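Below: the structure, in structure tokens.
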Amino acid sequence: MTATTTPARADRPTPASVRPRGGASKTKTGRRRSWMPFWLLLPSAVILIPLFGYPLYQLGLLSFLKFGQPQASAGEVAEFVGFDNYSTLLGDDQFWDVLFQTVVFAAACVVATLAVGAALAVLLTRIGKWPRLLLLFAALGAWAAPAMTGSTVWMFLFDTNLGLVNEVLGMQGHNWFYDKWSAFALVGVVVVWHSFPFVMISLYAGIESIPVSVLEAARLDGASTWTVFRHVMLPMLRPILTIVVIQSIIWDFKVFTQIYVMTGGGGIAGQNLVLNVYAYQKAFASSDYSLGAAIGVLMTLILLAVTIFYIRALRRSGEEL
Amino acid sequence: MKIRSLAAVAVAGIALAACAPGTASKTKSADDQTGTLKVWLYDEANRAPKEKVVNAAVADFKAAHPKVNVEVGYIPTDAGPRAEKMKGAFNDPNSAPDVVEFGNTDLFGYVQAGGLADISGDLATWSEAGDLPKDLKDTTLVDGKTYGLPWWLGLRSLYYRTDVFTELGLKAPTSYAELVEAAKKVRQAKPDMLGIAVGGKYTFGGLPFLWANGGEIATQQGGKYAAAIDSPQSQAGVKAYTDLFAKDICPPQQCADLTGGKTVEAFAAGTAGMAILPNSSRSAVEAGTAKGKYAVVPLPGTAPGSIAPAFSGGNDLGVMKSSQHRSLAVDFMKILGGKKYQLQMFDAMGNLPTLASARGDVVAKDPWLKPFIDTLNAGTKFVPKDAAWAKIDSQSVVPTMFQKVITGKSDVSGATGEAKTVIDNAFAGK
């Protein structure tokens, strides 16, 4: 269950492993189907399938049972209830509210993360050595800060009565978490702050690895800066962008720590719940492990659907991944 | 090749299907007379004095059982982390303690989770059992069996700032109307103070208003509970409490997400004219700037001179079902829960003893307790004695109801109606 309910940062590829693929590196292997690729995949499959498949299987199984605290520790037999947990969930207005605000919140965070990350990546290519190092270190600092620590520090800054921000703005007594969207905006800022460095560094590495000769050739042919960006750089960056976008969607959709810490588990009257926190509240606070598992399964399906849709859309536009 | 990999997948599938979700292995309890006895107690705000008393009790216990080690751990008191810790203990008996301290409202959920041992027989033979009042014993009963030893009581009363009240020519309020009036005057004269510190997440600060208006969370009909939180009386109580979250008393922006603990902090720090705090907050308040500048009266009810029924809070001691040292655990519980250490705990922490004779002693000794005893004698209330309360509590049903009204997301009848649905679902096991 932990595989889907905690936002794992470790599963992000390091920028070094993400390189734009040059057109020339592809070799033709002919039409004969070879088993070789499958043999090569075997070692990682042996590790990944038990590691991800088994928890997913348990999650799925749990979601079809009635499994609460009495079943977990008092030895009561878990009863198979079919799709009961799912129908409870889908019939609950709160679930749809939470789903809606999760989608809006995640979408806003993805767009903002990409915009900030991309803008700073371009900035990195344009500035001198020292400012670049400074920016890189600052970004790495934000990236390295544990979500828990980062959230707590930001929360202190925006504290109602003692926060530095209210002090500076002369707004003591203003509660940033009182209004639903103000609270979401603030948490969103922290989410972006935590995740833009990944985007920035990946894209920076991508931009840097575009051969200068290609850009020069384009300029010699009279291409404007915009044309160079749109028709030369963007296509070459697309594989990186794809990964960065998918990662951001998955990560922001599954955001947990920042919401849980900053809004005290879901905000005033639960107004800032997102799916992952909602699942936690159901599974662990209310001990309704099976209902929490059902939310986890739905989240997995939604993310798979979004990712598949996105990859298909890319393929249709003629870009091979 | 294809067949081989298919076979591998099939084998893996069968292996997976064999494992059902993790259920705690049923370790039988045992009665070892040696080894280490593990004890979990609450990590109160001021732990040092508590630890001192507990260590003395441990020394007493060791004198009788020299071959036994006692390991005392202190667990968080906040509802969330505490529940996680206890669930961990239920799900993994190997790392569970033998003796635990727990809030008296947690008992029903813990019993349903199969966590606590039935100690009816052990208490029946306890020399001090006769000193326990029946109404307190009743709070530890599930289906006629006893699962806890009431250790101390926490009753909430109204703390107010004597210096501020004197300065403004106010008297301690004796009715809800006077409370509102005094709170407004305090805030008007001192805009950086809350008239009264109340919190949207402070369940047991809000419920007395509900009870004072004749409301109930739920009523028992034929052994089954049904939510009564939307009755006209309950609605009047919810309105009375949430009306205190006004710009001229306790602004919603600042008070909507306060917990009970935060109101203690506010009062102790001198930023509130009044607060609804338990006797056990005494040491926290005296450690703050409010020290020496406050007094306590019972929380007034609706009619002048009446007392709002308080929640009869407090903590119990219990023995875990999975304990491998059952009789040692019972022995330790009896020592720590006995009169000698109840009196010491009062001196150290201000925890009101549960044993009638011990309570008589401390009340005679300490006039500070009078308002709490008056509140106790005026009649107290309790949460529904049902495992569903654990679910209602952990889903924050009551705080959510208060917060919806406070923030204007819902009116009183809407918010209480929603709460009723959730509470009834919890009783129905949904």
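Residues are referred to by chain and number: the chain letter is A, B, ... according to the order shown in the structure tokens, the number counts from 1 in that chain, and ligands are numbered separately from 1 in the order shown.
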Per-residue nearest contacts chain B to chain A, cut-off 6 Å, using only C-alpha atoms, as a Markdown table:
```
| residue | atom | partner | partner_atom | distance |
| --- | --- | --- | --- | --- |
| B:Thr23 | CA | A:Ala72 | CA | 4.8 |
| B:Ala24 | CA | A:Ser73 | CA | 5.2 |
| B:Phe90 | CA | A:Ser73 | CA | 5.6 |
| B:Asn91 | CA | A:Ser73 | CA | 5.1 |
| B:Ala113 | CA | A:Pro70 | CA | 4.5 |
| B:Gly114 | CA | A:Ala74 | CA | 4.2 |
| B:Gln253 | CA | A:Asn175 | CA | 5.4 |
| B:Lys391 | CA | A:Ser286 | CA | 5.5 |
| B:Ser394 | CA | A:Ser286 | CA | 5.5 |
| B:Thr400 | CA | A:Ala269 | CA | 4.4 |
| B:Gln403 | CA | A:Ala269 | CA | 5.4 |
| B:Lys404 | CA | A:Ala269 | CA | 6.0 |
```
Produce a file of the selected residues containing all heavy atoms, as a CSV table (one decimal), in the first residue's frame.
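Everything below was put into selection_35.csv:
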```
chain,number,residue,atom,x,y,z
B,23,THR,N,-2.8,-9.9,8.8
B,23,THR,CA,-3.6,-9.9,10.0
B,23,THR,C,-2.7,-10.3,11.1
B,23,THR,O,-1.8,-11.1,10.9
B,23,THR,CB,-4.8,-10.9,9.9
B,23,THR,OG1,-5.6,-10.6,8.8
B,23,THR,CG2,-5.6,-11.0,11.1
B,24,ALA,N,-2.9,-9.6,12.2
B,24,ALA,CA,-2.0,-9.8,13.4
B,24,ALA,C,-2.0,-11.3,13.7
B,24,ALA,O,-3.1,-11.9,13.9
B,24,ALA,CB,-2.4,-9.0,14.6
B,90,PHE,N,-1.5,-3.0,18.4
B,90,PHE,CA,-2.5,-4.0,18.2
B,90,PHE,C,-2.1,-4.9,17.1
B,90,PHE,O,-2.3,-6.1,17.1
B,90,PHE,CB,-3.8,-3.4,17.9
B,90,PHE,CG,-4.4,-2.5,19.0
B,90,PHE,CD1,-5.3,-1.5,18.7
B,90,PHE,CD2,-4.0,-2.7,20.3
B,90,PHE,CE1,-5.8,-0.7,19.7
B,90,PHE,CE2,-4.5,-1.9,21.3
B,90,PHE,CZ,-5.4,-0.9,21.0
B,91,ASN,N,-1.6,-4.3,16.0
B,91,ASN,CA,-1.3,-5.1,14.8
B,91,ASN,C,0.0,-5.9,14.9
B,91,ASN,O,0.2,-6.9,14.2
B,91,ASN,CB,-1.1,-4.2,13.6
B,91,ASN,CG,-2.4,-3.5,13.2
B,91,ASN,OD1,-3.5,-3.8,13.8
B,91,ASN,ND2,-2.4,-2.6,12.3
B,113,ALA,N,-10.9,-3.5,18.9
B,113,ALA,CA,-9.7,-3.9,18.1
B,113,ALA,C,-9.1,-5.1,18.7
B,113,ALA,O,-8.0,-5.6,18.2
B,113,ALA,CB,-8.8,-2.7,18.0
B,114,GLY,N,-9.6,-5.6,19.8
B,114,GLY,CA,-9.0,-6.8,20.5
B,114,GLY,C,-7.8,-6.5,21.2
B,114,GLY,O,-6.9,-7.3,21.4
B,253,GLN,N,-11.0,33.7,11.9
B,253,GLN,CA,-9.7,33.6,11.2
B,253,GLN,C,-8.6,33.0,12.2
B,253,GLN,O,-7.7,32.3,11.8
B,253,GLN,CB,-9.2,35.0,10.8
B,253,GLN,CG,-9.8,35.5,9.5
B,253,GLN,CD,-8.9,35.4,8.3
B,253,GLN,OE1,-7.7,35.2,8.5
B,253,GLN,NE2,-9.5,35.6,7.2
B,391,LYS,N,-14.5,5.9,15.8
B,391,LYS,CA,-14.6,6.3,14.4
B,391,LYS,C,-15.1,7.7,14.2
B,391,LYS,O,-14.6,8.5,13.4
B,391,LYS,CB,-15.6,5.3,13.7
B,391,LYS,CG,-15.4,5.4,12.2
B,391,LYS,CD,-15.9,4.1,11.5
B,391,LYS,CE,-15.5,4.2,10.1
B,391,LYS,NZ,-16.0,3.0,9.3
B,394,SER,N,-12.2,9.9,15.3
B,394,SER,CA,-11.1,10.0,14.3
B,394,SER,C,-11.5,10.6,13.0
B,394,SER,O,-10.6,11.1,12.3
B,394,SER,CB,-10.5,8.6,14.1
B,394,SER,OG,-11.5,7.8,13.5
B,400,THR,N,-15.6,19.1,12.5
B,400,THR,CA,-16.0,19.5,11.2
B,400,THR,C,-17.3,20.2,11.2
B,400,THR,O,-17.5,21.3,10.6
B,400,THR,CB,-16.1,18.3,10.3
B,400,THR,OG1,-14.8,17.6,10.2
B,400,THR,CG2,-16.5,18.7,8.9
B,403,GLN,N,-16.6,23.7,12.6
B,403,GLN,CA,-15.9,24.5,11.6
B,403,GLN,C,-16.8,24.9,10.4
B,403,GLN,O,-16.6,26.0,9.9
B,403,GLN,CB,-14.7,23.8,11.1
B,403,GLN,CG,-13.6,23.7,12.2
B,403,GLN,CD,-12.4,22.9,11.7
B,403,GLN,OE1,-12.5,22.0,10.9
B,403,GLN,NE2,-11.2,23.3,12.3
B,404,LYS,N,-17.7,24.1,10.0
B,404,LYS,CA,-18.5,24.4,8.9
B,404,LYS,C,-19.4,25.6,9.3
B,404,LYS,O,-19.7,26.5,8.5
B,404,LYS,CB,-19.4,23.2,8.5
B,404,LYS,CG,-18.6,22.2,7.7
B,404,LYS,CD,-19.4,21.4,6.7
B,404,LYS,CE,-18.5,20.7,5.8
B,404,LYS,NZ,-19.1,19.5,5.2
```
I need the residues of segment 100-220 of chain A that end up classed as alpha helix (DSSP H) by DSSP on the backbone, written out as a count of residues only. 98
Compile the contact shell of Gly60 of chain A as a PyMOL selection string: residues with an atom at most 10 Å away, counting only C-alpha atoms, same-chain residues fewer than 3 positions apart removed. chain A and resi 1+54-57+63-65+290+293-294+296-298
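You can rank A:His231, A:Leu162, A:Ala118, A:Pro131 by their closest distance to Tyr204 of chain A using only C-alpha atoms, and at the top of that list sits A:Ala118.
Residues lying within 8 Å of Ser195 of chain A, counting only C-alpha atoms and ignoring same-chain neighbours fewer than 4 positions away, are A:Thr113, A:Trp143, A:Val191, A:Val199, A:Ser248.
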Selection from above, N, CA, C and O atoms, as a PDB file, in the first residue's frame, can you write it?
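What landed in out34.pdb:
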```pdb
ATOM      1  N   THR A 113       5.060  24.304 -11.915  1.00  0.00           N
ATOM      2  CA  THR A 113       6.384  23.696 -11.783  1.00  0.00           C
ATOM      3  C   THR A 113       7.128  23.745 -13.104  1.00  0.00           C
ATOM      4  O   THR A 113       8.314  24.109 -13.165  1.00  0.00           O
ATOM      5  N   TRP A 143      15.531  21.153  -3.382  1.00  0.00           N
ATOM      6  CA  TRP A 143      15.267  19.775  -3.797  1.00  0.00           C
ATOM      7  C   TRP A 143      15.608  18.795  -2.673  1.00  0.00           C
ATOM      8  O   TRP A 143      14.905  17.823  -2.407  1.00  0.00           O
ATOM      9  N   VAL A 191       4.801  23.115  -2.900  1.00  0.00           N
ATOM     10  CA  VAL A 191       4.966  21.954  -3.775  1.00  0.00           C
ATOM     11  C   VAL A 191       5.860  22.327  -4.958  1.00  0.00           C
ATOM     12  O   VAL A 191       6.794  21.598  -5.305  1.00  0.00           O
ATOM     13  N   VAL A 199      12.781  19.652 -12.585  1.00  0.00           N
ATOM     14  CA  VAL A 199      12.459  20.108 -13.942  1.00  0.00           C
ATOM     15  C   VAL A 199      13.592  20.985 -14.480  1.00  0.00           C
ATOM     16  O   VAL A 199      14.071  20.802 -15.599  1.00  0.00           O
ATOM     17  N   SER A 248       5.872  14.934 -13.080  1.00  0.00           N
ATOM     18  CA  SER A 248       5.214  15.997 -12.323  1.00  0.00           C
ATOM     19  C   SER A 248       3.753  15.668 -12.087  1.00  0.00           C
ATOM     20  O   SER A 248       3.230  15.895 -10.992  1.00  0.00           O
TER      21      SER A 248
END
```
Using atom CA of Asn213 of chain B and atom CA of Lys134 of chain B as the two end points, give the distance in Å to one decimal. 26.3 Å
Close residues, segment 104-108 of chain B itself excluded, 10 Å, only C-alpha atoms, min 3 positions apart in chain, as a PyMOL selection string: chain B and resi 79+83+101+111-116+136+139-142+147-153+312-318+382-390+393
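Secondary structure by DSSP on the backbone puts the following residues of segment 59-269 of chain A in strand (DSSP E): Leu65, Lys66, Glu79 and Phe80 of chain A.
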Contacts of segment 219-280 of chain B with segment 160-175 of chain B up to 7 Å, shortest pair per row, only C-alpha atoms, as a tab-separated table:
```
residue	atom	partner	partner_atom	distance
B:Gly273	CA	B:Arg161	CA	5.5
B:Met274	CA	B:Tyr160	CA	4.3
B:Ala275	CA	B:Tyr160	CA	6.6
```
Residues at most 8 Å from segment 283-288 of chain B, counting only C-alpha atoms, excluding those fewer than 5 positions away in the same chain, as number ranges by chain? B: 45-46, 264-265, 267-270, 349-350
Using only C-alpha atoms, which residues sit within 10 Å of Tyr260 of chain A once same-chain residues fewer than 6 positions away are excluded, as a PyMOL selection string? chain A and resi 148+151+187+266-267+272-274+276-278+280-281
The selected residues should be written to file as a compact mmCIF listing (two decimals), in the first residue's frame (atoms: N, CA, C and O atoms).
```
# COMPACT_ATOMS: atom_id res chain seq x y z
N MET A 148 8.76 17.27 4.69
CA MET A 148 8.28 17.56 6.05
C MET A 148 8.90 18.85 6.58
O MET A 148 8.20 19.73 7.06
N SER A 151 7.84 22.00 4.54
CA SER A 151 6.47 22.41 4.84
C SER A 151 6.40 23.11 6.20
O SER A 151 5.73 24.12 6.35
N VAL A 187 0.06 26.09 -0.24
CA VAL A 187 0.62 24.74 -0.31
C VAL A 187 1.19 24.50 -1.70
O VAL A 187 2.27 23.91 -1.85
N GLY A 266 -5.78 18.25 6.35
CA GLY A 266 -6.88 18.44 5.41
C GLY A 266 -7.62 19.76 5.55
O GLY A 266 -8.63 19.98 4.90
N GLY A 267 -7.09 20.66 6.38
CA GLY A 267 -7.66 22.00 6.44
C GLY A 267 -8.92 22.10 7.28
O GLY A 267 -9.44 21.11 7.78
N ASN A 272 -9.28 21.26 2.48
CA ASN A 272 -8.08 21.14 1.65
C ASN A 272 -7.65 19.69 1.43
O ASN A 272 -6.48 19.40 1.18
N LEU A 273 -8.60 18.77 1.53
CA LEU A 273 -8.26 17.37 1.31
C LEU A 273 -7.90 17.14 -0.16
O LEU A 273 -8.55 17.66 -1.05
N VAL A 274 -6.84 16.35 -0.39
CA VAL A 274 -6.58 15.82 -1.72
C VAL A 274 -6.65 14.30 -1.59
O VAL A 274 -6.64 13.78 -0.48
N ASN A 276 -4.79 11.66 -1.80
CA ASN A 276 -3.86 10.87 -0.99
C ASN A 276 -4.10 11.07 0.50
O ASN A 276 -4.05 10.13 1.28
N VAL A 277 -4.36 12.31 0.90
CA VAL A 277 -4.63 12.59 2.31
C VAL A 277 -5.98 12.00 2.70
O VAL A 277 -6.13 11.43 3.79
N TYR A 278 -6.93 12.09 1.80
CA TYR A 278 -8.26 11.51 2.02
C TYR A 278 -8.14 10.00 2.24
O TYR A 278 -8.73 9.45 3.18
N TYR A 280 -5.53 8.44 3.28
CA TYR A 280 -4.87 8.24 4.58
C TYR A 280 -5.89 8.39 5.71
O TYR A 280 -5.93 7.58 6.64
N GLN A 281 -6.72 9.43 5.63
CA GLN A 281 -7.71 9.66 6.69
C GLN A 281 -8.65 8.47 6.80
O GLN A 281 -8.99 8.04 7.89
```
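Distances to Pro66 of chain B were evaluated for B:Leu328, B:Val397, B:Lys201, B:Pro304 using only C-alpha atoms, and the minimum falls at B:Leu328.
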What does the distance between atom CA of Ala283 of chain A and atom CA of Gln258 of chain A come to in Å, to one decimal place? 18.7 Å
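Straight-line separation from atom CA of Ala115 of chain A to atom CA of Phe196 of chain A: 8.7 Å.
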